[in-house]
>>> print(open('coords_27.txt').read())   # compact mmCIF, C-alpha atoms and all ligand atoms
# COMPACT_ATOMS: atom_id res chain seq x y z
CA MET A 121 -26.52 -43.42 -49.30
CA ILE A 122 -30.15 -42.25 -49.67
CA LYS A 123 -30.80 -43.28 -46.08
CA ARG A 124 -27.94 -41.17 -44.86
CA PHE A 125 -29.12 -38.23 -46.99
CA PHE A 126 -32.55 -38.35 -45.37
CA LYS A 127 -31.05 -38.70 -41.93
CA TYR A 128 -29.07 -35.48 -42.38
CA LEU A 129 -32.00 -33.76 -44.03
CA PHE A 130 -34.26 -34.52 -41.04
CA LEU A 131 -31.55 -33.54 -38.58
CA GLY A 132 -31.01 -30.31 -40.52
CA ILE A 133 -34.72 -29.43 -40.58
CA GLY A 134 -35.10 -30.35 -36.90
CA GLY A 135 -32.10 -28.25 -35.97
CA LEU A 136 -33.38 -25.32 -38.00
CA LEU A 137 -36.81 -25.51 -36.34
CA ALA A 138 -35.24 -25.68 -32.87
CA PHE A 139 -33.03 -22.72 -33.76
CA LEU A 140 -36.06 -20.74 -35.02
CA PHE A 141 -38.03 -21.60 -31.88
CA ILE A 142 -35.16 -20.35 -29.71
CA ILE A 143 -34.78 -17.13 -31.73
CA LEU A 144 -38.52 -16.39 -31.71
CA PHE A 145 -39.47 -17.29 -28.17
CA THR A 146 -36.36 -16.68 -26.04
CA PRO A 147 -37.13 -12.97 -25.50
CA GLY A 148 -40.67 -13.79 -24.35
CA ILE A 149 -39.50 -16.56 -22.02
CA TRP A 150 -36.79 -14.29 -20.59
CA HIS A 151 -39.38 -11.57 -20.03
CA HIS A 152 -41.73 -14.08 -18.41
CA TRP A 153 -39.21 -15.23 -15.80
CA ILE A 154 -37.03 -12.17 -15.32
CA THR A 155 -38.17 -8.83 -16.76
CA TYR A 156 -41.91 -8.76 -16.12
CA PRO A 157 -41.87 -10.16 -12.56
CA GLY A 158 -39.29 -7.40 -11.88
CA TYR A 159 -41.63 -4.73 -13.28
CA GLU A 160 -44.54 -6.19 -11.34
CA LYS A 161 -42.57 -6.04 -8.10
CA GLU A 162 -41.58 -2.42 -8.71
CA VAL A 163 -45.11 -1.34 -9.52
CA GLN A 164 -46.42 -3.07 -6.39
CA ALA A 165 -43.69 -1.43 -4.30
CA LEU A 166 -44.57 1.94 -5.81
CA ALA A 167 -48.27 1.38 -5.00
CA THR A 168 -47.39 0.96 -1.31
CA LEU A 169 -46.00 4.54 -1.40
CA ARG A 170 -49.45 5.90 -2.27
CA LYS A 171 -50.52 8.90 -0.22
CA ALA A 172 -53.92 10.29 -1.05
CA PRO A 173 -53.31 14.03 -1.49
CA THR A 174 -55.66 16.33 0.42
CA ARG A 175 -58.39 17.29 -1.96
CA GLN A 176 -57.93 20.92 -2.96
CA ILE A 177 -60.28 21.13 -5.91
CA LYS A 178 -64.03 20.81 -5.61
CA LEU A 179 -64.74 18.50 -8.52
CA ASN A 180 -64.66 14.69 -8.29
CA THR A 181 -62.34 12.68 -10.48
CA TYR A 182 -63.74 9.96 -12.77
CA ARG A 183 -61.69 7.46 -14.72
CA GLY A 184 -62.77 6.69 -18.25
CA VAL A 185 -61.78 5.41 -21.64
CA MET A 186 -62.46 7.14 -24.93
CA HIS A 187 -62.28 5.74 -28.43
CA VAL A 188 -63.51 2.21 -27.86
CA HIS A 189 -65.24 -0.07 -30.37
CA SER A 190 -68.00 -2.64 -29.87
CA TYR A 191 -69.75 -5.18 -32.10
CA LEU A 192 -71.35 -2.30 -34.05
CA SER A 193 -67.98 -1.68 -35.69
CA HIS A 194 -67.00 -3.96 -38.60
CA ASP A 195 -63.73 -4.73 -36.80
CA SER A 196 -64.96 -5.69 -33.33
CA ARG A 197 -67.20 -8.31 -31.73
CA GLY A 198 -67.23 -6.73 -28.27
CA THR A 199 -70.44 -6.90 -26.25
CA LEU A 200 -71.45 -5.69 -22.80
CA ASP A 201 -70.31 -9.07 -21.46
CA ASP A 202 -66.80 -8.13 -22.57
CA LEU A 203 -66.84 -4.36 -21.92
CA ILE A 204 -68.41 -4.15 -18.48
CA PRO A 205 -66.38 -6.82 -16.58
CA ALA A 206 -63.20 -5.25 -18.04
CA ALA A 207 -64.29 -1.77 -16.92
CA LYS A 208 -65.23 -3.03 -13.44
CA LYS A 209 -61.92 -4.83 -13.01
CA ASP A 210 -59.96 -1.73 -14.05
CA GLY A 211 -61.96 0.78 -12.00
CA ILE A 212 -63.30 2.51 -15.11
CA ASP A 213 -66.32 4.77 -14.53
CA PHE A 214 -67.23 5.60 -18.13
CA ILE A 215 -66.71 4.36 -21.67
CA PHE A 216 -67.15 6.74 -24.60
CA LEU A 217 -67.69 4.38 -27.55
CA THR A 218 -66.73 5.30 -31.11
CA ASP A 219 -68.30 2.72 -33.38
CA HIS A 220 -67.53 2.97 -37.08
CA PRO A 221 -70.72 3.57 -39.10
CA HIS A 222 -71.87 1.10 -41.73
CA GLY A 223 -72.06 3.28 -44.83
CA ASP A 224 -72.27 7.04 -45.04
CA ILE A 225 -75.34 7.79 -42.97
CA ASP A 226 -74.82 7.55 -39.25
CA THR A 227 -77.75 7.72 -36.87
CA LEU A 228 -77.16 8.39 -33.19
CA PRO A 229 -77.60 7.33 -30.49
CA LYS A 230 -76.72 3.80 -31.54
CA GLY A 231 -75.76 0.64 -29.66
CA TYR A 232 -75.06 0.65 -25.94
CA ARG A 233 -75.75 3.69 -23.76
CA GLY A 234 -76.48 4.63 -20.16
CA PHE A 235 -75.48 2.82 -16.99
CA HIS A 236 -74.55 -0.85 -17.00
CA ASP A 237 -73.57 -2.21 -13.60
CA GLY A 238 -72.49 1.29 -12.61
CA VAL A 239 -70.42 1.95 -15.74
CA LEU A 240 -71.65 4.85 -17.89
CA ILE A 241 -71.58 4.32 -21.66
CA GLU A 242 -71.99 7.11 -24.20
CA PRO A 243 -72.26 6.12 -27.87
CA GLY A 244 -70.23 7.98 -30.48
CA THR A 245 -68.72 7.38 -33.83
CA GLU A 246 -65.34 7.30 -35.58
CA LYS A 247 -64.87 8.04 -39.24
CA GLN A 248 -62.43 9.99 -41.40
CA GLY A 249 -60.25 10.99 -38.46
CA PHE A 250 -63.12 12.26 -36.30
CA CYS A 251 -64.13 10.84 -32.96
CA THR A 252 -67.45 12.40 -32.21
CA TRP A 253 -70.18 12.15 -29.59
CA PRO A 254 -73.25 14.19 -30.57
CA LEU A 255 -74.59 13.58 -27.00
CA GLY A 256 -78.12 13.46 -28.34
CA PRO A 257 -80.09 12.44 -31.41
CA ALA A 258 -78.16 13.16 -34.62
CA ILE A 259 -77.92 12.08 -38.22
CA ILE A 260 -74.45 12.52 -39.71
CA ASN A 261 -73.98 12.36 -43.46
CA TRP A 262 -70.31 11.44 -43.82
CA ASN A 263 -70.53 12.33 -47.51
CA SER A 264 -70.79 15.99 -46.67
CA ASN A 265 -67.92 18.36 -45.95
CA LYS A 266 -66.05 17.45 -42.76
CA ASP A 267 -65.76 21.02 -41.51
CA SER A 268 -69.51 21.44 -41.79
CA ILE A 269 -70.06 18.10 -39.98
CA ALA A 270 -67.92 19.38 -37.09
CA LYS A 271 -69.73 22.73 -37.05
CA LYS A 272 -73.16 21.11 -36.92
CA ILE A 273 -72.27 18.63 -34.14
CA VAL A 274 -70.51 21.24 -32.00
CA SER A 275 -73.23 23.88 -32.42
CA ASN A 276 -75.80 21.27 -31.30
CA GLY A 277 -73.84 20.67 -28.08
CA GLY A 278 -71.82 17.62 -29.14
CA MET A 279 -68.11 16.87 -29.04
CA VAL A 280 -65.69 16.50 -31.93
CA LEU A 281 -62.12 15.33 -31.37
CA TYR A 282 -59.43 14.68 -33.92
CA ALA A 283 -58.42 11.02 -33.77
CA HIS A 284 -55.19 9.54 -35.10
CA THR A 285 -53.40 12.85 -34.85
CA GLU A 286 -50.33 11.49 -36.63
CA GLU A 287 -52.43 11.81 -39.79
CA PRO A 288 -53.40 15.01 -41.63
CA HIS A 289 -56.32 17.07 -40.32
CA ASN A 290 -57.66 20.56 -40.92
CA TRP A 291 -55.92 21.94 -37.85
CA ILE A 292 -57.25 25.46 -38.35
CA ASN A 293 -60.87 24.29 -38.27
CA PRO A 294 -62.43 26.55 -35.60
CA ASP A 295 -64.92 24.03 -34.21
CA TYR A 296 -63.21 20.84 -33.07
CA GLN A 297 -62.65 20.89 -29.33
CA GLY A 298 -59.85 18.42 -28.78
CA MET A 299 -57.39 15.89 -30.10
CA GLU A 300 -55.82 12.62 -29.13
CA ILE A 301 -52.45 13.31 -27.52
CA TYR A 302 -51.89 9.58 -27.06
CA ASN A 303 -53.48 6.82 -29.13
CA PHE A 304 -52.36 3.25 -28.54
CA HIS A 305 -52.94 2.32 -32.18
CA THR A 306 -50.83 5.31 -33.32
CA ASP A 307 -48.08 4.19 -30.96
CA THR A 308 -48.02 0.66 -32.43
CA LYS A 309 -47.26 1.95 -35.92
CA ASP A 310 -43.59 2.83 -35.40
CA GLN A 311 -42.27 -0.69 -34.79
CA SER A 312 -42.76 -4.24 -36.01
CA PRO A 313 -45.55 -5.92 -34.04
CA ILE A 314 -44.18 -9.46 -34.58
CA PRO A 315 -41.73 -9.65 -31.61
CA ILE A 316 -44.37 -8.16 -29.32
CA LEU A 317 -47.09 -10.53 -30.54
CA LEU A 318 -44.77 -13.49 -29.89
CA ASP A 319 -44.09 -12.03 -26.46
CA VAL A 320 -47.83 -11.75 -25.76
CA LEU A 321 -48.31 -15.37 -26.84
CA VAL A 322 -45.64 -16.53 -24.39
CA ASN A 323 -46.80 -14.29 -21.56
CA GLY A 324 -50.55 -14.67 -21.95
CA SER A 325 -52.95 -13.12 -19.51
CA LYS A 326 -50.44 -12.92 -16.65
CA TYR A 327 -48.12 -10.35 -18.21
CA ARG A 328 -50.04 -9.25 -21.31
CA HIS A 329 -50.07 -5.67 -20.02
CA TRP A 330 -46.27 -5.61 -19.83
CA ALA A 331 -45.84 -7.23 -23.22
CA LEU A 332 -48.16 -4.63 -24.82
CA ARG A 333 -46.36 -1.83 -22.92
CA GLN A 334 -43.40 -2.60 -25.19
CA PHE A 335 -45.22 -0.63 -27.87
CA PHE A 336 -44.93 2.53 -25.77
CA ASN A 337 -42.94 5.46 -27.10
CA PRO A 338 -43.35 9.07 -25.96
CA GLN A 339 -45.42 10.81 -28.64
CA THR A 340 -43.07 13.80 -28.81
CA PRO A 341 -44.08 15.25 -32.22
CA ILE A 342 -47.80 14.98 -31.39
CA LEU A 343 -47.29 16.69 -28.02
CA ALA A 344 -45.23 19.46 -29.64
CA HIS A 345 -47.95 19.99 -32.23
CA TRP A 346 -50.58 20.07 -29.49
CA ASP A 347 -48.57 22.71 -27.59
CA SER A 348 -48.34 24.88 -30.70
CA LEU A 349 -52.11 24.58 -31.35
CA ASN A 350 -52.85 25.51 -27.74
CA ASN A 351 -51.01 28.79 -28.18
CA LYS A 352 -53.79 29.83 -30.57
CA ARG A 353 -56.87 28.43 -28.84
CA LYS A 354 -57.86 25.73 -26.38
CA ILE A 355 -57.51 22.26 -27.87
CA VAL A 356 -58.24 19.68 -25.19
CA GLY A 357 -55.87 16.69 -25.06
CA PHE A 358 -57.37 13.19 -24.62
CA SER A 359 -56.03 9.67 -24.54
CA ALA A 360 -57.45 7.02 -26.84
CA ILE A 361 -57.07 3.35 -26.28
CA ASP A 362 -58.69 2.54 -29.63
CA ALA A 363 -59.70 -0.80 -28.13
CA HIS A 364 -61.52 -3.34 -30.29
CA GLU A 365 -60.59 -6.59 -28.51
CA ASN A 366 -59.94 -7.86 -32.02
CA GLN A 367 -56.31 -8.93 -32.45
CA ASN A 368 -57.28 -12.41 -31.38
CA LEU A 369 -57.94 -15.91 -32.67
CA ARG A 370 -61.31 -17.11 -31.43
CA ALA A 371 -63.96 -19.67 -32.33
CA ARG A 372 -67.63 -20.15 -31.62
CA TYR A 373 -70.48 -22.42 -32.69
CA LEU A 374 -72.71 -21.52 -35.60
CA SER A 375 -76.39 -22.42 -35.33
CA ASP A 376 -75.81 -25.47 -37.57
CA GLY A 377 -73.26 -26.88 -35.12
CA ARG A 378 -70.18 -26.01 -37.15
CA ILE A 379 -67.39 -23.86 -35.70
CA GLN A 380 -66.70 -20.34 -36.95
CA TRP A 381 -63.10 -19.13 -36.61
CA VAL A 382 -62.63 -15.39 -36.15
CA GLY A 383 -59.19 -13.88 -36.67
CA ASN A 384 -57.57 -10.46 -36.40
CA ASN A 385 -59.75 -7.36 -36.91
CA ALA A 386 -62.67 -9.67 -36.08
CA HIS A 387 -62.64 -11.18 -39.59
CA ASN A 388 -64.31 -14.54 -40.18
CA ILE A 389 -61.53 -16.77 -41.41
CA ASP A 390 -62.95 -20.27 -41.71
CA THR A 391 -65.68 -22.64 -40.65
CA MET A 392 -65.22 -26.29 -39.76
CA LYS A 393 -67.11 -29.29 -38.51
CA VAL A 394 -66.42 -30.48 -35.00
CA THR A 395 -64.84 -33.90 -35.30
CA PHE A 396 -63.17 -36.47 -33.12
CA TRP A 397 -59.87 -34.88 -34.18
CA ASN A 398 -60.45 -31.23 -33.24
CA LYS A 399 -62.98 -31.55 -30.41
CA TRP A 400 -60.22 -31.21 -27.79
CA LEU A 401 -59.60 -27.60 -28.90
CA PHE A 402 -62.97 -26.37 -27.71
CA SER A 403 -64.18 -25.68 -24.20
CA ALA A 404 -67.60 -24.70 -22.85
CA PRO A 405 -68.76 -21.36 -24.35
CA ASP A 406 -68.07 -18.20 -22.33
CA LYS A 407 -70.74 -15.48 -21.97
CA SER A 408 -70.08 -14.25 -25.51
CA GLY A 409 -70.16 -17.79 -26.88
CA TRP A 410 -66.42 -18.23 -27.50
CA VAL A 411 -65.25 -21.82 -27.19
CA PHE A 412 -61.65 -21.09 -28.15
CA LYS A 413 -59.64 -17.95 -27.34
CA LEU A 414 -56.06 -17.02 -28.11
CA LEU A 415 -56.03 -13.39 -26.98
CA VAL A 416 -53.61 -10.62 -27.79
CA ASP A 417 -55.64 -7.47 -27.16
CA THR A 418 -58.37 -7.37 -24.57
CA TYR A 419 -60.54 -4.57 -23.21
CA GLU A 420 -59.19 -5.33 -19.76
CA THR A 421 -55.58 -4.69 -20.76
CA GLY A 422 -56.57 -1.67 -22.85
CA PHE A 423 -58.68 0.05 -20.20
CA ASN A 424 -55.76 -0.13 -17.78
CA TYR A 425 -53.18 0.94 -20.34
CA VAL A 426 -54.10 4.58 -20.79
CA THR A 427 -56.96 6.27 -18.98
CA ASN A 428 -58.61 9.70 -18.97
CA TYR A 429 -59.14 11.23 -15.54
CA VAL A 430 -61.96 13.75 -15.83
CA MET A 431 -62.81 16.19 -13.06
CA ALA A 432 -66.57 16.64 -12.97
CA ASP A 433 -69.46 17.22 -10.56
CA SER A 434 -71.09 13.86 -11.14
CA LEU A 435 -70.86 10.69 -13.19
CA SER A 436 -73.26 11.78 -15.90
CA THR A 437 -72.85 12.39 -19.61
CA SER A 438 -73.78 16.05 -19.20
CA SER A 439 -71.25 16.77 -16.43
CA LEU A 440 -68.49 14.68 -17.99
CA SER A 441 -68.89 16.20 -21.44
CA LYS A 442 -69.17 19.75 -20.06
CA ASN A 443 -65.91 19.28 -18.16
CA MET A 444 -64.18 17.48 -21.02
CA LYS A 445 -64.90 20.46 -23.28
CA LEU A 446 -63.41 22.71 -20.58
CA GLY A 447 -60.26 20.58 -20.55
CA HIS A 448 -60.73 19.48 -16.95
CA LEU A 449 -58.81 16.28 -17.47
CA PHE A 450 -55.43 14.63 -17.51
CA ILE A 451 -54.32 11.27 -18.85
CA ALA A 452 -52.28 8.57 -17.15
CA PHE A 453 -50.82 5.16 -17.93
CA LYS A 454 -52.80 3.40 -15.28
CA SER A 455 -51.04 0.03 -15.38
CA LEU A 456 -48.00 1.82 -13.91
CA GLY A 457 -50.04 3.36 -11.10
CA ASP A 458 -53.47 4.82 -10.51
CA ALA A 459 -53.35 8.60 -10.79
CA LYS A 460 -56.64 9.30 -8.99
CA GLY A 461 -56.04 12.17 -6.57
CA PHE A 462 -53.58 14.01 -8.82
CA GLN A 463 -54.32 17.75 -8.98
CA PHE A 464 -52.82 20.74 -10.77
CA TYR A 465 -54.08 24.28 -10.26
CA GLY A 466 -53.14 27.94 -10.15
CA SER A 467 -53.69 30.02 -7.03
CA ASN A 468 -53.53 33.71 -6.14
CA ASN A 469 -51.59 35.47 -3.37
CA LYS A 470 -54.31 34.50 -0.87
CA ASP A 471 -53.92 30.79 -1.77
CA SER A 472 -57.35 30.70 -3.39
CA ILE A 473 -57.59 28.38 -6.38
CA MET A 474 -58.20 30.49 -9.49
CA GLY A 475 -58.25 27.68 -12.03
CA ILE A 476 -57.48 24.01 -12.64
CA VAL A 477 -56.26 22.18 -15.76
CA GLY A 478 -58.09 23.47 -18.82
CA ASP A 479 -58.97 26.82 -17.20
CA SER A 480 -57.79 30.29 -18.17
CA ILE A 481 -56.45 32.60 -15.46
CA LYS A 482 -55.63 36.29 -15.80
CA ILE A 483 -51.92 36.85 -15.28
CA ASP A 484 -52.41 39.23 -12.33
CA GLN A 485 -54.62 36.62 -10.61
CA VAL A 486 -52.03 33.85 -10.37
CA LYS A 487 -49.07 33.63 -8.02
CA ASN A 488 -48.38 29.88 -7.78
CA LEU A 489 -48.86 26.83 -9.91
CA THR A 490 -49.19 23.77 -7.68
CA ALA A 491 -49.50 20.05 -8.30
CA PHE A 492 -50.04 17.08 -5.99
CA SER A 493 -49.59 13.45 -6.86
CA PRO A 494 -50.65 10.27 -5.04
CA LEU A 495 -47.40 8.57 -6.11
CA PRO A 496 -43.87 9.98 -5.95
CA GLY A 497 -42.24 10.96 -9.21
CA LEU A 498 -40.72 13.68 -11.32
CA PHE A 499 -42.93 16.70 -12.08
CA LYS A 500 -42.06 18.65 -15.22
CA LEU A 501 -43.69 22.02 -15.80
CA ILE A 502 -43.98 22.81 -19.49
CA HIS A 503 -44.55 26.40 -20.60
CA ASN A 504 -45.50 26.85 -24.28
CA GLY A 505 -43.89 23.48 -25.09
CA LYS A 506 -40.65 24.01 -23.11
CA THR A 507 -39.77 22.47 -19.75
CA VAL A 508 -39.21 25.39 -17.37
CA SER A 509 -39.03 23.65 -14.00
CA THR A 510 -38.72 20.14 -12.58
CA SER A 511 -39.02 18.57 -9.15
CA SER A 512 -36.85 15.88 -7.60
CA GLU A 513 -37.46 12.35 -8.92
CA LYS A 514 -39.47 11.27 -5.88
CA ALA A 515 -41.68 14.26 -5.19
CA TYR A 516 -45.34 14.17 -4.18
CA GLU A 517 -45.76 17.93 -4.52
CA PHE A 518 -44.60 20.63 -6.83
CA THR A 519 -44.97 24.40 -6.61
CA PHE A 520 -43.83 26.92 -9.18
CA SER A 521 -43.64 30.40 -7.76
CA ASN A 522 -41.15 31.97 -10.16
CA THR A 523 -42.46 34.73 -12.36
CA ILE A 524 -45.41 33.34 -14.23
CA GLU A 525 -45.67 34.43 -17.85
CA LYS A 526 -48.50 34.38 -20.33
CA GLY A 527 -49.12 31.20 -22.30
CA THR A 528 -49.85 27.56 -21.51
CA TYR A 529 -48.52 25.64 -18.51
CA ARG A 530 -48.98 21.90 -18.34
CA ILE A 531 -47.45 19.10 -16.26
CA GLU A 532 -45.86 15.88 -17.38
CA MET A 533 -45.05 13.48 -14.60
CA ASP A 534 -42.65 10.53 -14.83
CA LEU A 535 -42.36 7.57 -12.49
CA ASN A 536 -39.01 6.13 -11.59
CA LEU A 537 -39.21 2.42 -12.41
CA GLN A 538 -36.12 0.23 -12.39
CA GLY A 539 -33.94 3.31 -12.45
CA LYS A 540 -35.65 4.73 -15.53
CA LEU A 541 -38.00 7.69 -15.76
CA ILE A 542 -41.18 6.52 -17.48
CA PRO A 543 -43.90 8.96 -18.62
CA TRP A 544 -47.00 8.51 -16.48
CA ILE A 545 -49.23 11.62 -16.50
CA TYR A 546 -49.92 14.33 -19.08
CA THR A 547 -52.25 17.12 -17.95
CA ASN A 548 -54.15 19.59 -20.02
CA PRO A 549 -52.70 23.09 -19.75
CA ILE A 550 -53.66 25.99 -17.55
CA TYR A 551 -53.92 29.04 -19.82
CA ILE A 552 -52.45 32.27 -18.47
CA TYR A 553 -53.56 35.41 -20.32
ZN ZN A 601 -60.80 3.40 -33.69
>>> encode(input="coords_27.txt", output="structure tokens", more="lines below")
Ligand SMILES: [Zn+2]
Amino acid sequence: MIKRFFKYLFLGIGGLLAFLFIILFTPGIWHHWITYPGYEKEVQALATLRKAPTRQIKLNTYRGVMHVHSYLSHDSRGTLDDLIPAAKKDGIDFIFLTDHPHGDIDTLPKGYRGFHDGVLIEPGTEKQGFCTWPLGPAIINWNSNKDSIAKKIVSNGGMVLYAHTEEPHNWINPDYQGMEIYNFHTDTKDQSPIPILLDVLVNGSKYRHWALRQFFNPQTPILAHWDSLNNKRKIVGFSAIDAHENQNLRARYLSDGRIQWVGNNAHNIDTMKVTFWNKWLFSAPDKSGWVFKLLVDTYETGFNYVTNYVMADSLSTSSLSKNMKLGHLFIAFKSLGDAKGFQFYGSNNKDSIMGIVGDSIKIDQVKNLTAFSPLPGLFKLIHNGKTVSTSSEKAYEFTFSNTIEKGTYRIEMDLNLQGKLIPWIYTNPIYIY
């Protein structure tokens, strides 16, 4: 009797575990064999359609990531050995770091800066909804009034952007120069991360970028808010990857030979002795000393996820920051396709370019608004927040020569992937006055 009871109990528990395993991991396994190889094929096919548009504008285009954390932040362990190989692999020219300060007094520059293997790093800071790069020596007292912090940094030549724009900010502050129009962390907040984390675990490094893409939702309210702000004054739109490389389970040796486990948000979770029983878990240390890695978010995936394309004279902090403040940039979801070569400008009746994204053009000086893309897709021209013209779904070029009115004109471009239009590029506006 008891024997039979235990037999059914074990069968029941076993069945339940098998059932749970199927429920939890089937979507990831399905994606691994069917969905993601399909996406990969489409993206590769799309890449073969690349046509480098003739360069119309004088400035060069540099790819970069903003809002990135390194070991200086309490919630990251990232070092140059993690940041630079990721940037090189993804074709990233610059990284604008935003390390959280320890305490209320922030002294800049801090941490990494300058060129590392050709990648330009500029140190900045993130606190209380600000991402800021003073671009020179600065001491910020985060205890003081935020509006006066912004005023001081901006009047000394620095940059202040509003981060996490789903949260409250003093939108009428006259000094901040820009805002995040896409932040990966913001985008993760509107759905449960559990199914996606399970998916990442199943799909690992091969399809991590597709698994994390499942977080993507168009940030419609943020974009609408940005449009309304831009009708009052120029607020430059940026993308933020908010990368920490910290949603991971990793282990490394302590100096006394024990193992330190580091969990999500780079928290220390436990230490243990290496024994006969657990030795098999650990491999030779990588450059950062990790002997065990179960990775969910990596710099490499992040830097390719959403990228800022800045048009500037040279790859230098001064030229990049000058052109960022002018709004000479657009953002693109680079894992879908590299947007280098994309251009959007306004020209006069003699076909001379009178302004590019971020510029203001007098209404009697503009006849056409023109955009070129290296990949075919759907161009949408948005005037003061409303779509006023679209191209076909597979266009490389778009010209708007209807009556141009005052206000802001920006382009959103979608790619057609597996029969669906997927947002790819968001430009800053051209301001017609
Ligand atoms: Zn952050």
>>> residues_near_ligand(input="coords_27.txt", ligand="ligand ZN 601 (chain A)", cutoff="7 Å", atoms="only C-alpha atoms and all ligand atoms", output="list in words")
His187, Val188, His189, Thr218, Glu246 and Asp362 of chain A
>>> residues_near_point(input="coords_27.txt", point="(-51.4, 7.2, -21.2)", cutoff="9 Å", atoms="all atoms listed in the file", output="MDAnalysis selection string")
chainID A and resid 301:304 359:361 425:428 451:454 543:546
>>> residues_around(input="coords_27.txt", residues="A:Thr421", least_positions_apart="3", cutoff="8 Å", atoms="only C-alpha atoms", output="list of chain:residue names")
A:Arg328, A:His329, A:Asp417, A:Thr418, A:Asn424, A:Tyr425
>>> write_last_selection(input="coords_27.txt", atoms="C-alpha atoms", output="PDB file, keeping the file's coordinate frame")
ATOM      1  CA  ARG A 328     -50.040  -9.250 -21.310  1.00  0.00           C
ATOM      2  CA  HIS A 329     -50.070  -5.670 -20.020  1.00  0.00           C
ATOM      3  CA  ASP A 417     -55.640  -7.470 -27.160  1.00  0.00           C
ATOM      4  CA  THR A 418     -58.370  -7.370 -24.570  1.00  0.00           C
ATOM      5  CA  ASN A 424     -55.760  -0.130 -17.780  1.00  0.00           C
ATOM      6  CA  TYR A 425     -53.180   0.940 -20.340  1.00  0.00           C
TER       7      TYR A 425
END
>>> closest_residue(input="coords_27.txt", among="A:Lys247, A:Lys127, A:Arg530, A:His220", to="A:Ile269", atoms="only C-alpha atoms")
A:Lys247
>>> atom_distance(input="coords_27.txt", atom1="atom CA of A:Lys272", atom2="atom CA of A:Pro257")
12.4 Å
>>> atom_distance(input="coords_27.txt", atom1="atom CA of A:Thr547", atom2="atom CA of A:Leu217")
22.2 Å
>>> atom_distance(input="coords_27.txt", atom1="atom CA of A:Asp433", atom2="atom CA of A:His448")
11.1 Å
>>> residues_near_point(input="coords_27.txt", point="(-60.9, 29.7, -18.6)", cutoff="10 Å", atoms="only C-alpha atoms", output="PyMOL selection string")
chain A and resi 354+446-447+474-482+550-553
>>> residues_around(input="coords_27.txt", residues="A:Ile379", least_positions_apart="3", cutoff="12 Å", atoms="only C-alpha atoms", output="list of chain:residue names")
A:Arg370, A:Ala371, A:Arg372, A:Tyr373, A:Leu374, A:Ser375, A:Asp376, A:Val382, A:Asn388, A:Ile389, A:Asp390, A:Thr391, A:Met392, A:Lys393, A:Val394, A:Thr395, A:Asn398, A:Lys399, A:Leu401, A:Phe402, A:Pro405, A:Gly409, A:Trp410, A:Val411, A:Phe412
>>> closest_residue(input="coords_27.txt", among="A:Leu456, A:Leu501, A:Pro341, A:Leu317", to="A:Leu414", atoms="all atoms listed in the file")
A:Leu317
>>> closest_residue(input="coords_27.txt", among="A:Tyr182, A:Phe499, A:Phe520, A:Phe336", to="A:Met431", atoms="only C-alpha atoms")
A:Tyr182
>>> decode(input="coords_27.txt", residues="stretch 183-193 of chain A", atoms="N, CA and C atoms", output="PDB file, in the first residue's frame")
ATOM      1  N   ARG A 183      29.032  55.741 -35.616  1.00  0.00           N
ATOM      2  CA  ARG A 183      28.076  54.954 -34.834  1.00  0.00           C
ATOM      3  C   ARG A 183      28.515  54.945 -33.363  1.00  0.00           C
ATOM      4  N   GLY A 184      27.559  55.162 -32.484  1.00  0.00           N
ATOM      5  CA  GLY A 184      27.952  55.156 -31.078  1.00  0.00           C
ATOM      6  C   GLY A 184      26.824  54.790 -30.139  1.00  0.00           C
ATOM      7  N   VAL A 185      27.212  54.428 -28.928  1.00  0.00           N
ATOM      8  CA  VAL A 185      26.224  54.088 -27.909  1.00  0.00           C
ATOM      9  C   VAL A 185      26.325  55.069 -26.749  1.00  0.00           C
ATOM     10  N   MET A 186      25.161  55.449 -26.253  1.00  0.00           N
ATOM     11  CA  MET A 186      25.078  56.396 -25.144  1.00  0.00           C
ATOM     12  C   MET A 186      24.386  55.666 -24.002  1.00  0.00           C
ATOM     13  N   HIS A 187      24.688  56.115 -22.800  1.00  0.00           N
ATOM     14  CA  HIS A 187      24.060  55.540 -21.611  1.00  0.00           C
ATOM     15  C   HIS A 187      24.538  54.092 -21.434  1.00  0.00           C
ATOM     16  N   VAL A 188      25.791  53.998 -21.067  1.00  0.00           N
ATOM     17  CA  VAL A 188      26.434  52.696 -20.842  1.00  0.00           C
ATOM     18  C   VAL A 188      27.148  52.764 -19.490  1.00  0.00           C
ATOM     19  N   HIS A 189      27.109  51.667 -18.766  1.00  0.00           N
ATOM     20  CA  HIS A 189      27.725  51.617 -17.429  1.00  0.00           C
ATOM     21  C   HIS A 189      28.941  50.702 -17.418  1.00  0.00           C
ATOM     22  N   SER A 190      29.928  51.083 -16.601  1.00  0.00           N
ATOM     23  CA  SER A 190      31.114  50.243 -16.401  1.00  0.00           C
ATOM     24  C   SER A 190      31.246  49.910 -14.917  1.00  0.00           C
ATOM     25  N   TYR A 191      32.379  49.329 -14.553  1.00  0.00           N
ATOM     26  CA  TYR A 191      32.602  48.894 -13.166  1.00  0.00           C
ATOM     27  C   TYR A 191      32.463  50.033 -12.160  1.00  0.00           C
ATOM     28  N   LEU A 192      32.537  51.289 -12.605  1.00  0.00           N
ATOM     29  CA  LEU A 192      32.411  52.410 -11.664  1.00  0.00           C
ATOM     30  C   LEU A 192      31.001  52.506 -11.089  1.00  0.00           C
ATOM     31  N   SER A 193      30.028  51.934 -11.803  1.00  0.00           N
ATOM     32  CA  SER A 193      28.652  51.934 -11.306  1.00  0.00           C
ATOM     33  C   SER A 193      28.477  50.766 -10.337  1.00  0.00           C
TER      34      SER A 193
END
